[in-house]
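S.K.: input-v2.pdb is reproduced in full below (PDB, C-alpha atoms, pLDDT in the B column).
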ATOM      1  CA  MET A   1       4.298  -0.358 -16.459  1.00 43.00           C
ATOM      2  CA  PRO A   2       0.876  -1.458 -17.713  1.00 47.00           C
ATOM      3  CA  LEU A   3       0.938  -3.158 -21.097  1.00 41.00           C
ATOM      4  CA  ARG A   4      -2.028  -3.543 -23.408  1.00 38.00           C
ATOM      5  CA  SER A   5      -3.328  -7.077 -23.934  1.00 36.00           C
ATOM      6  CA  GLY A   6      -5.632  -6.063 -26.781  1.00 38.00           C
ATOM      7  CA  LYS A   7      -7.061  -3.114 -28.628  1.00 42.00           C
ATOM      8  CA  VAL A   8      -8.909  -0.977 -26.101  1.00 41.00           C
ATOM      9  CA  PRO A   9     -10.387   2.420 -26.985  1.00 45.00           C
ATOM     10  CA  ARG A  10      -8.828   5.165 -24.910  1.00 49.00           C
ATOM     11  CA  ASP A  11     -12.301   6.190 -23.745  1.00 51.00           C
ATOM     12  CA  ALA A  12     -14.147   2.876 -23.701  1.00 58.00           C
ATOM     13  CA  VAL A  13     -17.019   4.459 -21.748  1.00 62.00           C
ATOM     14  CA  HIS A  14     -18.435   7.927 -22.325  1.00 61.00           C
ATOM     15  CA  HIS A  15     -21.014   9.137 -19.809  1.00 65.00           C
ATOM     16  CA  PRO A  16     -20.057  12.787 -19.176  1.00 71.00           C
ATOM     17  CA  LEU A  17     -23.293  13.859 -17.486  1.00 71.00           C
ATOM     18  CA  PHE A  18     -23.427  10.819 -15.238  1.00 78.00           C
ATOM     19  CA  ALA A  19     -19.730  11.229 -14.421  1.00 77.00           C
ATOM     20  CA  ARG A  20     -20.306  14.739 -13.100  1.00 79.00           C
ATOM     21  CA  TYR A  21     -23.330  13.608 -11.102  1.00 75.00           C
ATOM     22  CA  TYR A  22     -21.494  10.584  -9.690  1.00 79.00           C
ATOM     23  CA  ALA A  23     -18.479  12.685  -8.725  1.00 79.00           C
ATOM     24  CA  ARG A  24     -20.723  14.847  -6.547  1.00 82.00           C
ATOM     25  CA  ILE A  25     -22.896  12.189  -4.913  1.00 81.00           C
ATOM     26  CA  SER A  26     -20.025   9.789  -4.233  1.00 86.00           C
ATOM     27  CA  VAL A  27     -18.238  12.380  -2.107  1.00 81.00           C
ATOM     28  CA  THR A  28     -21.431  13.016  -0.143  1.00 81.00           C
ATOM     29  CA  ALA A  29     -21.908   9.268   0.326  1.00 83.00           C
ATOM     30  CA  GLU A  30     -18.557   8.976   2.105  1.00 84.00           C
ATOM     31  CA  THR A  31     -20.111  10.318   5.298  1.00 77.00           C
ATOM     32  CA  ARG A  32     -23.892  10.262   4.792  1.00 77.00           C
ATOM     33  CA  LEU A  33     -24.072   6.648   3.636  1.00 79.00           C
ATOM     34  CA  GLY A  34     -21.002   5.435   5.510  1.00 85.00           C
ATOM     35  CA  MET A  35     -19.026   4.602   2.374  1.00 90.00           C
ATOM     36  CA  GLY A  36     -15.784   5.722   3.989  1.00 91.00           C
ATOM     37  CA  ARG A  37     -16.141   2.959   6.608  1.00 92.00           C
ATOM     38  CA  VAL A  38     -17.000   0.438   3.899  1.00 94.00           C
ATOM     39  CA  ARG A  39     -13.845   1.343   1.975  1.00 95.00           C
ATOM     40  CA  GLU A  40     -11.745   0.817   5.108  1.00 96.00           C
ATOM     41  CA  ARG A  41     -13.154  -2.708   5.506  1.00 97.00           C
ATOM     42  CA  LEU A  42     -12.873  -3.424   1.798  1.00 98.00           C
ATOM     43  CA  LEU A  43      -9.183  -2.554   1.535  1.00 98.00           C
ATOM     44  CA  GLY A  44      -7.766  -3.313   4.970  1.00 97.00           C
ATOM     45  CA  GLY A  45      -4.891  -5.815   4.999  1.00 97.00           C
ATOM     46  CA  LEU A  46      -4.101  -5.706   1.282  1.00 98.00           C
ATOM     47  CA  SER A  47      -0.456  -5.899   0.214  1.00 98.00           C
ATOM     48  CA  GLY A  48       1.725  -6.107  -2.889  1.00 98.00           C
ATOM     49  CA  ARG A  49       0.632  -5.035  -6.366  1.00 98.00           C
ATOM     50  CA  VAL A  50      -3.077  -4.296  -6.677  1.00 98.00           C
ATOM     51  CA  ILE A  51      -5.266  -3.670  -9.718  1.00 98.00           C
ATOM     52  CA  GLU A  52      -8.472  -1.724  -9.165  1.00 98.00           C
ATOM     53  CA  ILE A  53     -11.133  -2.101 -11.844  1.00 98.00           C
ATOM     54  CA  GLY A  54     -13.409   0.883 -12.418  1.00 95.00           C
ATOM     55  CA  ALA A  55     -11.641   3.260 -10.036  1.00 96.00           C
ATOM     56  CA  GLY A  56     -14.146   6.058 -10.661  1.00 93.00           C
ATOM     57  CA  ASN A  57     -12.987   9.319  -9.113  1.00 95.00           C
ATOM     58  CA  GLY A  58     -10.404   7.576  -6.949  1.00 96.00           C
ATOM     59  CA  LEU A  59     -12.096   7.651  -3.552  1.00 95.00           C
ATOM     60  CA  ASN A  60     -10.583   4.279  -2.623  1.00 97.00           C
ATOM     61  CA  PHE A  61      -7.028   5.550  -2.961  1.00 98.00           C
ATOM     62  CA  ALA A  62      -6.906   7.259   0.444  1.00 96.00           C
ATOM     63  CA  HIS A  63      -7.888   4.014   2.171  1.00 97.00           C
ATOM     64  CA  TYR A  64      -5.200   1.652   0.847  1.00 98.00           C
ATOM     65  CA  PRO A  65      -2.763   0.512   3.558  1.00 97.00           C
ATOM     66  CA  GLY A  66       0.944   1.221   3.331  1.00 97.00           C
ATOM     67  CA  THR A  67       1.622  -2.482   2.708  1.00 98.00           C
ATOM     68  CA  VAL A  68       0.404  -1.988  -0.885  1.00 98.00           C
ATOM     69  CA  SER A  69       3.437  -1.412  -3.103  1.00 98.00           C
ATOM     70  CA  GLU A  70       1.587  -0.220  -6.233  1.00 98.00           C
ATOM     71  CA  ILE A  71      -1.941   0.297  -7.517  1.00 98.00           C
ATOM     72  CA  VAL A  72      -2.866   0.180 -11.182  1.00 98.00           C
ATOM     73  CA  ALA A  73      -6.285   1.815 -11.388  1.00 98.00           C
ATOM     74  CA  ILE A  74      -8.331   1.193 -14.535  1.00 98.00           C
ATOM     75  CA  GLU A  75     -10.990   3.786 -15.332  1.00 96.00           C
ATOM     76  CA  PRO A  76     -12.670   4.011 -18.764  1.00 94.00           C
ATOM     77  CA  GLU A  77     -14.620   7.270 -18.335  1.00 92.00           C
ATOM     78  CA  ARG A  78     -12.560  10.370 -19.130  1.00 93.00           C
ATOM     79  CA  ARG A  79     -13.981  12.799 -16.566  1.00 91.00           C
ATOM     80  CA  LEU A  80     -13.800  10.287 -13.732  1.00 93.00           C
ATOM     81  CA  ARG A  81     -10.310   9.292 -14.818  1.00 95.00           C
ATOM     82  CA  GLN A  82      -9.160  12.916 -14.583  1.00 94.00           C
ATOM     83  CA  LEU A  83     -10.508  13.100 -11.042  1.00 95.00           C
ATOM     84  CA  ALA A  84      -8.816   9.793 -10.225  1.00 97.00           C
ATOM     85  CA  VAL A  85      -5.476  11.193 -11.401  1.00 97.00           C
ATOM     86  CA  GLU A  86      -5.923  14.111  -9.005  1.00 96.00           C
ATOM     87  CA  ALA A  87      -6.763  11.701  -6.178  1.00 97.00           C
ATOM     88  CA  ALA A  88      -3.703   9.602  -7.052  1.00 98.00           C
ATOM     89  CA  LEU A  89      -1.452  12.608  -6.509  1.00 97.00           C
ATOM     90  CA  ARG A  90      -2.773  12.892  -2.938  1.00 96.00           C
ATOM     91  CA  ALA A  91      -2.510   9.178  -2.155  1.00 97.00           C
ATOM     92  CA  GLU A  92       0.104   7.812   0.224  1.00 95.00           C
ATOM     93  CA  VAL A  93       0.751   4.757  -1.977  1.00 97.00           C
ATOM     94  CA  PRO A  94       1.866   4.786  -5.631  1.00 98.00           C
ATOM     95  CA  VAL A  95      -1.126   4.870  -7.992  1.00 98.00           C
ATOM     96  CA  ASP A  96      -1.004   4.651 -11.790  1.00 98.00           C
ATOM     97  CA  VAL A  97      -4.348   5.606 -13.364  1.00 98.00           C
ATOM     98  CA  VAL A  98      -4.827   3.918 -16.741  1.00 97.00           C
ATOM     99  CA  PRO A  99      -7.596   4.064 -19.401  1.00 96.00           C
ATOM    100  CA  GLY A 100      -9.106   0.741 -20.339  1.00 95.00           C
ATOM    101  CA  ALA A 101     -12.143  -1.524 -20.219  1.00 94.00           C
ATOM    102  CA  ALA A 102     -12.792  -4.309 -17.709  1.00 97.00           C
ATOM    103  CA  GLU A 103     -13.401  -6.722 -20.589  1.00 97.00           C
ATOM    104  CA  ALA A 104      -9.890  -6.183 -22.029  1.00 96.00           C
ATOM    105  CA  LEU A 105      -7.527  -5.090 -19.268  1.00 97.00           C
ATOM    106  CA  PRO A 106      -4.402  -3.386 -20.622  1.00 97.00           C
ATOM    107  CA  VAL A 107      -1.973  -5.241 -18.336  1.00 97.00           C
ATOM    108  CA  LYS A 108       0.119  -8.420 -18.322  1.00 96.00           C
ATOM    109  CA  SER A 109      -1.210 -11.765 -17.165  1.00 97.00           C
ATOM    110  CA  GLU A 110      -0.586 -12.882 -13.575  1.00 97.00           C
ATOM    111  CA  GLY A 111       0.970  -9.532 -12.685  1.00 97.00           C
ATOM    112  CA  PHE A 112      -1.008  -8.702  -9.533  1.00 98.00           C
ATOM    113  CA  ASP A 113      -1.291  -9.992  -5.991  1.00 98.00           C
ATOM    114  CA  ALA A 114      -4.808  -8.630  -5.488  1.00 98.00           C
ATOM    115  CA  ALA A 115      -7.698  -7.001  -7.318  1.00 98.00           C
ATOM    116  CA  VAL A 116     -10.425  -4.633  -6.159  1.00 98.00           C
ATOM    117  CA  VAL A 117     -13.887  -4.279  -7.683  1.00 98.00           C
ATOM    118  CA  SER A 118     -16.058  -1.695  -5.994  1.00 96.00           C
ATOM    119  CA  LEU A 119     -19.495  -0.805  -7.393  1.00 95.00           C
ATOM    120  CA  VAL A 120     -18.349  -1.729 -10.891  1.00 96.00           C
ATOM    121  CA  LEU A 121     -19.809  -5.144 -11.813  1.00 97.00           C
ATOM    122  CA  CYS A 122     -23.218  -3.490 -12.031  1.00 96.00           C
ATOM    123  CA  SER A 123     -22.111  -1.452 -15.033  1.00 95.00           C
ATOM    124  CA  VAL A 124     -19.639  -3.530 -17.045  1.00 96.00           C
ATOM    125  CA  ARG A 125     -21.031  -4.595 -20.411  1.00 94.00           C
ATOM    126  CA  ASP A 126     -19.987  -8.250 -20.180  1.00 97.00           C
ATOM    127  CA  VAL A 127     -19.626  -9.549 -16.625  1.00 98.00           C
ATOM    128  CA  PRO A 128     -18.259 -13.054 -17.463  1.00 98.00           C
ATOM    129  CA  ARG A 129     -15.656 -11.597 -19.808  1.00 98.00           C
ATOM    130  CA  ALA A 130     -14.634  -8.947 -17.267  1.00 98.00           C
ATOM    131  CA  LEU A 131     -14.224 -11.555 -14.538  1.00 98.00           C
ATOM    132  CA  GLY A 132     -12.295 -13.749 -16.938  1.00 98.00           C
ATOM    133  CA  GLU A 133      -9.902 -10.859 -17.429  1.00 98.00           C
ATOM    134  CA  LEU A 134      -9.652 -10.446 -13.672  1.00 98.00           C
ATOM    135  CA  ARG A 135      -8.602 -14.087 -13.341  1.00 97.00           C
ATOM    136  CA  ARG A 136      -6.064 -13.624 -16.105  1.00 98.00           C
ATOM    137  CA  VAL A 137      -4.250 -10.700 -14.488  1.00 98.00           C
ATOM    138  CA  LEU A 138      -4.181 -12.154 -10.947  1.00 98.00           C
ATOM    139  CA  ARG A 139      -1.409 -14.516  -9.931  1.00 98.00           C
ATOM    140  CA  PRO A 140      -2.561 -17.982  -8.825  1.00 97.00           C
ATOM    141  CA  GLY A 141      -3.890 -17.579  -5.321  1.00 97.00           C
ATOM    142  CA  GLY A 142      -4.398 -13.856  -5.857  1.00 98.00           C
ATOM    143  CA  GLU A 143      -7.109 -12.172  -3.826  1.00 98.00           C
ATOM    144  CA  VAL A 144     -10.216 -10.291  -4.964  1.00 98.00           C
ATOM    145  CA  ARG A 145     -11.851  -7.750  -2.673  1.00 98.00           C
ATOM    146  CA  PHE A 146     -15.351  -6.820  -3.762  1.00 98.00           C
ATOM    147  CA  PHE A 147     -18.098  -4.446  -2.711  1.00 98.00           C
ATOM    148  CA  GLU A 148     -21.097  -4.512  -5.033  1.00 98.00           C
ATOM    149  CA  HIS A 149     -24.806  -3.880  -5.058  1.00 97.00           C
ATOM    150  CA  GLY A 150     -27.303  -6.181  -6.731  1.00 98.00           C
ATOM    151  CA  ARG A 151     -30.521  -8.147  -6.547  1.00 97.00           C
ATOM    152  CA  GLY A 152     -32.240  -8.220  -3.182  1.00 97.00           C
ATOM    153  CA  GLY A 153     -35.403  -7.841  -1.184  1.00 95.00           C
ATOM    154  CA  GLY A 154     -38.714  -9.572  -1.699  1.00 95.00           C
ATOM    155  CA  ARG A 155     -40.610 -10.267  -4.884  1.00 97.00           C
ATOM    156  CA  ALA A 156     -41.875  -6.697  -5.274  1.00 97.00           C
ATOM    157  CA  MET A 157     -38.367  -5.239  -5.006  1.00 97.00           C
ATOM    158  CA  THR A 158     -36.773  -7.735  -7.403  1.00 97.00           C
ATOM    159  CA  LEU A 159     -39.516  -7.103  -9.949  1.00 98.00           C
ATOM    160  CA  THR A 160     -38.904  -3.368  -9.558  1.00 98.00           C
ATOM    161  CA  GLN A 161     -35.165  -3.827 -10.064  1.00 98.00           C
ATOM    162  CA  ARG A 162     -35.704  -5.881 -13.215  1.00 98.00           C
ATOM    163  CA  ALA A 163     -38.213  -3.400 -14.607  1.00 98.00           C
ATOM    164  CA  LEU A 164     -35.838  -0.505 -14.043  1.00 98.00           C
ATOM    165  CA  ASP A 165     -32.989  -2.477 -15.664  1.00 98.00           C
ATOM    166  CA  ARG A 166     -35.089  -2.962 -18.804  1.00 97.00           C
ATOM    167  CA  THR A 167     -36.051   0.708 -19.070  1.00 97.00           C
ATOM    168  CA  VAL A 168     -34.548   3.922 -17.730  1.00 95.00           C
ATOM    169  CA  TRP A 169     -32.031   2.947 -15.063  1.00 95.00           C
ATOM    170  CA  PRO A 170     -29.002   2.010 -17.201  1.00 95.00           C
ATOM    171  CA  VAL A 171     -29.559   5.006 -19.475  1.00 92.00           C
ATOM    172  CA  LEU A 172     -29.654   7.467 -16.593  1.00 91.00           C
ATOM    173  CA  ASN A 173     -26.933   5.869 -14.471  1.00 92.00           C
ATOM    174  CA  GLY A 174     -23.965   5.165 -16.672  1.00 90.00           C
ATOM    175  CA  GLY A 175     -24.931   1.624 -17.646  1.00 93.00           C
ATOM    176  CA  CYS A 176     -25.653   0.502 -14.076  1.00 95.00           C
ATOM    177  CA  HIS A 177     -27.920  -2.535 -13.550  1.00 98.00           C
ATOM    178  CA  LEU A 178     -29.783  -3.214 -10.322  1.00 98.00           C
ATOM    179  CA  SER A 179     -30.560  -6.927 -10.496  1.00 97.00           C
ATOM    180  CA  ARG A 180     -27.179  -8.518 -11.155  1.00 98.00           C
ATOM    181  CA  GLU A 181     -25.822 -11.104  -8.701  1.00 98.00           C
ATOM    182  CA  PRO A 182     -22.125 -10.443  -8.050  1.00 98.00           C
ATOM    183  CA  VAL A 183     -21.483 -13.400  -5.736  1.00 98.00           C
ATOM    184  CA  ARG A 184     -22.942 -15.861  -8.234  1.00 98.00           C
ATOM    185  CA  ALA A 185     -21.002 -14.180 -11.054  1.00 98.00           C
ATOM    186  CA  LEU A 186     -17.703 -14.574  -9.180  1.00 98.00           C
ATOM    187  CA  ARG A 187     -18.449 -18.217  -8.438  1.00 98.00           C
ATOM    188  CA  ASP A 188     -19.454 -18.906 -12.045  1.00 98.00           C
ATOM    189  CA  ALA A 189     -16.192 -17.290 -13.216  1.00 98.00           C
ATOM    190  CA  GLY A 190     -14.204 -19.869 -11.253  1.00 97.00           C
ATOM    191  CA  PHE A 191     -13.209 -17.832  -8.210  1.00 98.00           C
ATOM    192  CA  GLU A 192     -13.109 -19.431  -4.780  1.00 98.00           C
ATOM    193  CA  LEU A 193     -15.457 -17.490  -2.514  1.00 98.00           C
ATOM    194  CA  GLY A 194     -14.159 -16.481   0.880  1.00 97.00           C
ATOM    195  CA  PRO A 195     -16.089 -14.760   3.649  1.00 97.00           C
ATOM    196  CA  TYR A 196     -18.648 -12.224   2.560  1.00 98.00           C
ATOM    197  CA  ARG A 197     -21.479 -10.371   4.217  1.00 97.00           C
ATOM    198  CA  ARG A 198     -24.641  -8.893   2.835  1.00 97.00           C
ATOM    199  CA  MET A 199     -25.498  -5.420   4.021  1.00 95.00           C
ATOM    200  CA  MET A 200     -27.861  -2.555   3.401  1.00 94.00           C
ATOM    201  CA  LEU A 201     -26.663   0.862   2.314  1.00 92.00           C
ATOM    202  CA  PRO A 202     -27.631   3.125   3.899  1.00 89.00           C
ATOM    203  CA  GLU A 203     -27.650   0.923   6.977  1.00 85.00           C
ATOM    204  CA  GLN A 204     -30.387   3.068   8.446  1.00 84.00           C
ATOM    205  CA  GLY A 205     -32.782   4.937   6.232  1.00 82.00           C
ATOM    206  CA  PRO A 206     -34.950   4.324   3.191  1.00 90.00           C
ATOM    207  CA  VAL A 207     -34.655   0.998   1.380  1.00 94.00           C
ATOM    208  CA  LEU A 208     -33.799   1.718  -2.253  1.00 95.00           C
ATOM    209  CA  PRO A 209     -33.310  -0.537  -5.298  1.00 97.00           C
ATOM    210  CA  THR A 210     -29.567   0.104  -4.844  1.00 96.00           C
ATOM    211  CA  SER A 211     -29.509  -0.738  -1.125  1.00 96.00           C
ATOM    212  CA  TYR A 212     -28.750  -4.469  -1.357  1.00 97.00           C
ATOM    213  CA  CYS A 213     -24.964  -4.766  -1.136  1.00 97.00           C
ATOM    214  CA  VAL A 214     -22.347  -7.422  -0.501  1.00 98.00           C
ATOM    215  CA  LEU A 215     -18.798  -7.012   0.837  1.00 98.00           C
ATOM    216  CA  GLY A 216     -16.348  -9.866   0.656  1.00 98.00           C
ATOM    217  CA  THR A 217     -13.289 -11.718  -0.545  1.00 98.00           C
ATOM    218  CA  ALA A 218     -12.568 -14.269  -3.259  1.00 98.00           C
ATOM    219  CA  TRP A 219      -9.443 -15.896  -4.672  1.00 98.00           C
ATOM    220  CA  ARG A 220      -8.150 -17.083  -7.988  1.00 98.00           C
ATOM    221  CA  PRO A 221      -7.566 -20.820  -7.475  1.00 96.00           C
ATOM    222  CA  VAL A 222      -3.932 -21.849  -7.134  1.00 94.00           C
ATOM    223  CA  THR A 223      -4.517 -24.610  -9.708  1.00 78.00           C
ATOM    224  CA  THR A 224      -6.751 -24.171 -12.757  1.00 58.00           C
TER     225      THR A 224
END
Rewrite the structure from the file as structure tokens, please.
M.R.:
Amino acid sequence: MPLRSGKVPRDAVHHPLFARYYARISVTAETRLGMGRVRERLLGGLSGRVIEIGAGNGLNFAHYPGTVSEIVAIEPERRLRQLAVEAALRAEVPVDVVPGAAEALPVKSEGFDAAVVSLVLCSVRDVPRALGELRRVLRPGGEVRFFEHGRGGGRAMTLTQRALDRTVWPVLNGGCHLSREPVRALRDAGFELGPYRRMMLPEQGPVLPTSYCVLGTAWRPVTT
């Protein structure tokens, strides 16, 4: 059972309008943008106990392999968490959906074999603190699977991403930021980077400020 490691508001994030919008577009993206195939690559081969940070409406749950013994899915936004609970009931692996914030995970230290972050580092309030928590809850040698969007493109695109981050984008998109650098953030947090690949989403179609993505693996070092 998840145990709280600190005082975490039950609804640490409250974006009801964005949550409804995201719930609709994320389902469409499964086929139109190829997100279903990305989720298969993201989660394939995982095993043991897994913690998923920012589970959203639970679209990853259907893609976890049967070698996963348990998933603890952290989701701070109430509406998305309700949808995640419904998705958990349909999943073929045990899923426990839990309220909480990435910066103060309500679980014991070193309790998980693997962690999943999928389109979440863009919106957490404190990336170093969130990744510090991720290290805390993973066992030594534990694996991180990540799929994130971030800074990319030429000078014009990066300037556009930064300008949007300073103005309307986070307000309209649930705290999302376009110009963060997830690979650098993982490295700076002390994770060992494994193989990763940069990709565009959609792979074919218009290039958007959100198109620059990275899919990969990292590990908590065995010795710290």
S.K.: Select from stretch 115-134 of chain A every residue with an atom at most 7 Å from any atom of stretch 189-193 of chain A, then for each give the shortest pair of atoms and their distance in Å to one decimal, using only C-alpha atoms, rows by chain and rising number, as JSON lines.
M.R.:
{"residue": "A:Pro128", "atom": "CA", "partner": "A:Ala189", "partner_atom": "CA", "distance": 6.3}
{"residue": "A:Leu131", "atom": "CA", "partner": "A:Ala189", "partner_atom": "CA", "distance": 6.2}
{"residue": "A:Gly132", "atom": "CA", "partner": "A:Ala189", "partner_atom": "CA", "distance": 6.4}
S.K.: Just how far from atom CA of A:Val124 is atom CA of A:Gly154, in Å to one decimal?
M.R.: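 These two atoms are separated by 25.2 Å.
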S.K.: Around (-18.6, -8.5, -15.6) in the file's own coordinates, what residues are found within 12 Å if you use only C-alpha atoms, given back as a PDB file with C-alpha atoms, in the frame of the given file?
M.R.:
ATOM      1  CA  ILE A  53     -11.133  -2.101 -11.844  1.00 98.00           C
ATOM      2  CA  GLY A  54     -13.409   0.883 -12.418  1.00 95.00           C
ATOM      3  CA  ALA A 101     -12.143  -1.524 -20.219  1.00 94.00           C
ATOM      4  CA  ALA A 102     -12.792  -4.309 -17.709  1.00 97.00           C
ATOM      5  CA  GLU A 103     -13.401  -6.722 -20.589  1.00 97.00           C
ATOM      6  CA  ALA A 104      -9.890  -6.183 -22.029  1.00 96.00           C
ATOM      7  CA  VAL A 117     -13.887  -4.279  -7.683  1.00 98.00           C
ATOM      8  CA  LEU A 119     -19.495  -0.805  -7.393  1.00 95.00           C
ATOM      9  CA  VAL A 120     -18.349  -1.729 -10.891  1.00 96.00           C
ATOM     10  CA  LEU A 121     -19.809  -5.144 -11.813  1.00 97.00           C
ATOM     11  CA  CYS A 122     -23.218  -3.490 -12.031  1.00 96.00           C
ATOM     12  CA  SER A 123     -22.111  -1.452 -15.033  1.00 95.00           C
ATOM     13  CA  VAL A 124     -19.639  -3.530 -17.045  1.00 96.00           C
ATOM     14  CA  ARG A 125     -21.031  -4.595 -20.411  1.00 94.00           C
ATOM     15  CA  ASP A 126     -19.987  -8.250 -20.180  1.00 97.00           C
ATOM     16  CA  VAL A 127     -19.626  -9.549 -16.625  1.00 98.00           C
ATOM     17  CA  PRO A 128     -18.259 -13.054 -17.463  1.00 98.00           C
ATOM     18  CA  ARG A 129     -15.656 -11.597 -19.808  1.00 98.00           C
ATOM     19  CA  ALA A 130     -14.634  -8.947 -17.267  1.00 98.00           C
ATOM     20  CA  LEU A 131     -14.224 -11.555 -14.538  1.00 98.00           C
ATOM     21  CA  GLY A 132     -12.295 -13.749 -16.938  1.00 98.00           C
ATOM     22  CA  GLU A 133      -9.902 -10.859 -17.429  1.00 98.00           C
ATOM     23  CA  LEU A 134      -9.652 -10.446 -13.672  1.00 98.00           C
ATOM     24  CA  ARG A 135      -8.602 -14.087 -13.341  1.00 97.00           C
ATOM     25  CA  GLU A 148     -21.097  -4.512  -5.033  1.00 98.00           C
ATOM     26  CA  CYS A 176     -25.653   0.502 -14.076  1.00 95.00           C
ATOM     27  CA  HIS A 177     -27.920  -2.535 -13.550  1.00 98.00           C
ATOM     28  CA  ARG A 180     -27.179  -8.518 -11.155  1.00 98.00           C
ATOM     29  CA  GLU A 181     -25.822 -11.104  -8.701  1.00 98.00           C
ATOM     30  CA  PRO A 182     -22.125 -10.443  -8.050  1.00 98.00           C
ATOM     31  CA  VAL A 183     -21.483 -13.400  -5.736  1.00 98.00           C
ATOM     32  CA  ARG A 184     -22.942 -15.861  -8.234  1.00 98.00           C
ATOM     33  CA  ALA A 185     -21.002 -14.180 -11.054  1.00 98.00           C
ATOM     34  CA  LEU A 186     -17.703 -14.574  -9.180  1.00 98.00           C
ATOM     35  CA  ASP A 188     -19.454 -18.906 -12.045  1.00 98.00           C
ATOM     36  CA  ALA A 189     -16.192 -17.290 -13.216  1.00 98.00           C
TER      37      ALA A 189
END
S.K.: I need the residue nearest A:Val98 from this list: A:Glu86, A:Glu70, A:Glu75, A:Glu110. Use all atoms listed in the file for the distance.
M.R.: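 Among the listed residues, A:Glu75 lies closest to A:Val98.
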S.K.: Might you pull out every residue within 7 Å of A:Phe147, with all atoms listed in the file counted and same-chain residues fewer than 3 positions away left off, and present them as a PyMOL selection string?
M.R.: chain A and resi 42+117-119+214-216
S.K.: Would you compute the distance between atom CA of A:Asp165 and atom CA of A:Pro16? Give it in Å to one decimal.
M.R.: 20.3 Å
S.K.: What box, with edges along x, y and z, holds each listed atom of stretch 35-46 of chain A when 3 Å is added on every side, and can you state its centre and edge lengths in Å to one decimal, as JSON?
M.R.:
{"center_x": -11.6, "center_y": 0.0, "center_z": 3.9, "size_x": 20.9, "size_y": 17.5, "size_z": 11.3}
S.K.: Show me, as a PyMOL selection string, the residues that have an atom within 12 Å of A:Gly58 when counting all atoms listed in the file, minus same-chain residues fewer than 5 positions from it.
M.R.: chain A and resi 22-23+26-27+39+52-53+63-64+71-75+79-91+95-98+118
S.K.: Print the selection's residues with C-alpha atoms to a file, as a PDB file, in the frame of the given file.
M.R.:
ATOM      1  CA  TYR A  22     -21.494  10.584  -9.690  1.00 79.00           C
ATOM      2  CA  ALA A  23     -18.479  12.685  -8.725  1.00 79.00           C
ATOM      3  CA  SER A  26     -20.025   9.789  -4.233  1.00 86.00           C
ATOM      4  CA  VAL A  27     -18.238  12.380  -2.107  1.00 81.00           C
ATOM      5  CA  ARG A  39     -13.845   1.343   1.975  1.00 95.00           C
ATOM      6  CA  GLU A  52      -8.472  -1.724  -9.165  1.00 98.00           C
ATOM      7  CA  ILE A  53     -11.133  -2.101 -11.844  1.00 98.00           C
ATOM      8  CA  HIS A  63      -7.888   4.014   2.171  1.00 97.00           C
ATOM      9  CA  TYR A  64      -5.200   1.652   0.847  1.00 98.00           C
ATOM     10  CA  ILE A  71      -1.941   0.297  -7.517  1.00 98.00           C
ATOM     11  CA  VAL A  72      -2.866   0.180 -11.182  1.00 98.00           C
ATOM     12  CA  ALA A  73      -6.285   1.815 -11.388  1.00 98.00           C
ATOM     13  CA  ILE A  74      -8.331   1.193 -14.535  1.00 98.00           C
ATOM     14  CA  GLU A  75     -10.990   3.786 -15.332  1.00 96.00           C
ATOM     15  CA  ARG A  79     -13.981  12.799 -16.566  1.00 91.00           C
ATOM     16  CA  LEU A  80     -13.800  10.287 -13.732  1.00 93.00           C
ATOM     17  CA  ARG A  81     -10.310   9.292 -14.818  1.00 95.00           C
ATOM     18  CA  GLN A  82      -9.160  12.916 -14.583  1.00 94.00           C
ATOM     19  CA  LEU A  83     -10.508  13.100 -11.042  1.00 95.00           C
ATOM     20  CA  ALA A  84      -8.816   9.793 -10.225  1.00 97.00           C
ATOM     21  CA  VAL A  85      -5.476  11.193 -11.401  1.00 97.00           C
ATOM     22  CA  GLU A  86      -5.923  14.111  -9.005  1.00 96.00           C
ATOM     23  CA  ALA A  87      -6.763  11.701  -6.178  1.00 97.00           C
ATOM     24  CA  ALA A  88      -3.703   9.602  -7.052  1.00 98.00           C
ATOM     25  CA  LEU A  89      -1.452  12.608  -6.509  1.00 97.00           C
ATOM     26  CA  ARG A  90      -2.773  12.892  -2.938  1.00 96.00           C
ATOM     27  CA  ALA A  91      -2.510   9.178  -2.155  1.00 97.00           C
ATOM     28  CA  VAL A  95      -1.126   4.870  -7.992  1.00 98.00           C
ATOM     29  CA  ASP A  96      -1.004   4.651 -11.790  1.00 98.00           C
ATOM     30  CA  VAL A  97      -4.348   5.606 -13.364  1.00 98.00           C
ATOM     31  CA  VAL A  98      -4.827   3.918 -16.741  1.00 97.00           C
ATOM     32  CA  SER A 118     -16.058  -1.695  -5.994  1.00 96.00           C
TER      33      SER A 118
END
S.K.: Counting only C-alpha atoms, find residues at most 12 Å from (-3.3, -2.4, 4.9) (file frame) and give them as number ranges by chain.
M.R.: A: 39-48, 50, 61-69, 92-93
S.K.: Using all atoms listed in the file, which protein or nucleic acid residues come within 10 Å of A:Gly141? Drop anything in the same chain fewer than 6 positions from it, and give the result as an MDAnalysis selection string.
M.R.: chainID A and resid 113:114 135 191:192 218:223
S.K.: Rounded to one decimal, what separation in Å do you get between atom CA of A:Thr160 and atom CA of A:Leu178?
M.R.: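 According to the coordinates, atom CA of A:Thr160 and atom CA of A:Leu178 are separated by 9.2 Å.
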S.K.: Can you give me, as a ChimeraX atom specification, the residues this file yields under the PyMOL selection byres ((chain A and resi 149) around 6)?
M.R.: /A:148,150,212-213
S.K.: Would you mind telling me which residue in A:Ala115, A:Pro99, A:Asn60, A:Leu105 lies nearest to A:Val144 when using only C-alpha atoms?
M.R.: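 That would be A:Ala115, the residue with the smallest distance to A:Val144.
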S.K.: Specify as a list in words each residue included when the PyMOL selection byres ((chain A and resi 202) around 12) is applied to this file.
M.R.: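 Checked against the file, the PyMOL selection byres ((chain A and resi 202) around 12) matches Ala29, Glu30, Thr31, Arg32, Leu33, Gly34, Met35, Arg37, Val38, His149, Met199, Met200, Leu201, Glu203, Gln204, Gly205, Pro206, Val207, Leu208, Pro209, Thr210, Ser211, Tyr212 and Cys213 of chain A.
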